[in-house]
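Enquirer: This structure is in structure tokens; I'll ask about it shortly.
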Amino acid sequence: MRRLKPFISMIENCFRAVDYEVNSKVLWTSDYGVPQNKNHFFMVGNRHGIKYEFPELYK
């Protein structure tokens, strides 16, 4: 993931340049009650000015 940070930042900046609100994060499935240890990258954006909040960790 570290090697992709410049690329992800570039994509986020391109979306922000056309008035998108963008939020991205890597989530581990095991943190949300899934019996697997995989990570997934999510990028969420919209043009309605709504800041997306990722879900809380599963307890």
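Going by the structure tokens order, chains are called A, B, ..., each with residues numbered from 1, while ligands are numbered from 1 in the order shown.
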Taking the DSSP assignment computed from this structure's backbone, write out as a ChimeraX atom specification all residues of range 6-48 of chain A that belong to helix (DSSP H, G or I).

Expert: /A:6-17,29-32

Enquirer: I'd like to know which residues of chain A are strand (DSSP E or B) (by DSSP, run on the backbone); could you write them as a list in words?

Expert: Glu21, Val22, Asn23, Ser24, Lys25, Val26, Leu27, Trp28, Asn39, His40, Phe41, Phe42, Met43, Val44, Gly45 and Asn46 of chain A

Enquirer: Skip Val22 in chain A itself and residues of its chain fewer than 3 positions away, then list as a VMD selection string all residues within 8 Å of it, counting only C-alpha atoms.

Expert: chain A and resid 12 15 to 16 43 to 46 51 to 52

Enquirer: So that I have them on file, write out the residues from the current selection with N, CA and C atoms, as a PDB file, in the first residue's frame.

Expert:
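To be explicit, this is the file written out as result18.pdb:
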ATOM      1  N   GLU A  12      -7.039  11.202  -5.722  1.00  0.00           N
ATOM      2  CA  GLU A  12      -7.866  12.011  -4.822  1.00  0.00           C
ATOM      3  C   GLU A  12      -7.813  13.490  -5.211  1.00  0.00           C
ATOM      4  N   PHE A  15      -9.988  14.247  -8.233  1.00  0.00           N
ATOM      5  CA  PHE A  15     -11.411  14.328  -7.882  1.00  0.00           C
ATOM      6  C   PHE A  15     -11.720  15.613  -7.124  1.00  0.00           C
ATOM      7  N   ARG A  16     -10.841  16.011  -6.227  1.00  0.00           N
ATOM      8  CA  ARG A  16     -11.073  17.256  -5.480  1.00  0.00           C
ATOM      9  C   ARG A  16     -11.048  18.472  -6.405  1.00  0.00           C
ATOM     10  N   MET A  43     -12.319   3.750  -1.730  1.00  0.00           N
ATOM     11  CA  MET A  43     -12.318   5.188  -1.971  1.00  0.00           C
ATOM     12  C   MET A  43     -13.765   5.576  -2.243  1.00  0.00           C
ATOM     13  N   VAL A  44     -14.255   6.528  -1.446  1.00  0.00           N
ATOM     14  CA  VAL A  44     -15.647   6.961  -1.556  1.00  0.00           C
ATOM     15  C   VAL A  44     -15.643   8.449  -1.871  1.00  0.00           C
ATOM     16  N   GLY A  45     -16.441   8.843  -2.854  1.00  0.00           N
ATOM     17  CA  GLY A  45     -16.513  10.252  -3.211  1.00  0.00           C
ATOM     18  C   GLY A  45     -17.910  10.659  -3.626  1.00  0.00           C
ATOM     19  N   ASN A  46     -18.211  11.942  -3.451  1.00  0.00           N
ATOM     20  CA  ASN A  46     -19.494  12.479  -3.912  1.00  0.00           C
ATOM     21  C   ASN A  46     -19.352  13.968  -4.147  1.00  0.00           C
ATOM     22  N   LYS A  51     -19.215  14.341   3.798  1.00  0.00           N
ATOM     23  CA  LYS A  51     -17.983  13.643   4.152  1.00  0.00           C
ATOM     24  C   LYS A  51     -18.346  12.243   4.621  1.00  0.00           C
ATOM     25  N   TYR A  52     -17.837  11.236   3.923  1.00  0.00           N
ATOM     26  CA  TYR A  52     -18.132   9.844   4.262  1.00  0.00           C
ATOM     27  C   TYR A  52     -17.296   9.417   5.458  1.00  0.00           C
TER      28      TYR A  52
END

Enquirer: Rank A:Asp31, A:Phe7, A:Asn13, A:Ser24 by their smallest atom-to-atom distance to Leu57 in chain A, using only C-alpha atoms, and report the top residue only.

Expert: A:Asp31

Enquirer: Check the smallest atom-to-atom distance from each of A:Pro55, A:Gly49, A:Ser30, A:Phe42 to Ile8 in chain A using only C-alpha atoms, then report the winner.

Expert: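 Looking only at the distances to Ile8 in chain A, the closest residue turns out to be A:Phe42.
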
Enquirer: Quote the spacing between CA of Glu21 in chain A and CA of Arg47 in chain A in Å to one decimal place.

Expert: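 Between CA of Glu21 in chain A and CA of Arg47 in chain A the gap is 6.2 Å.
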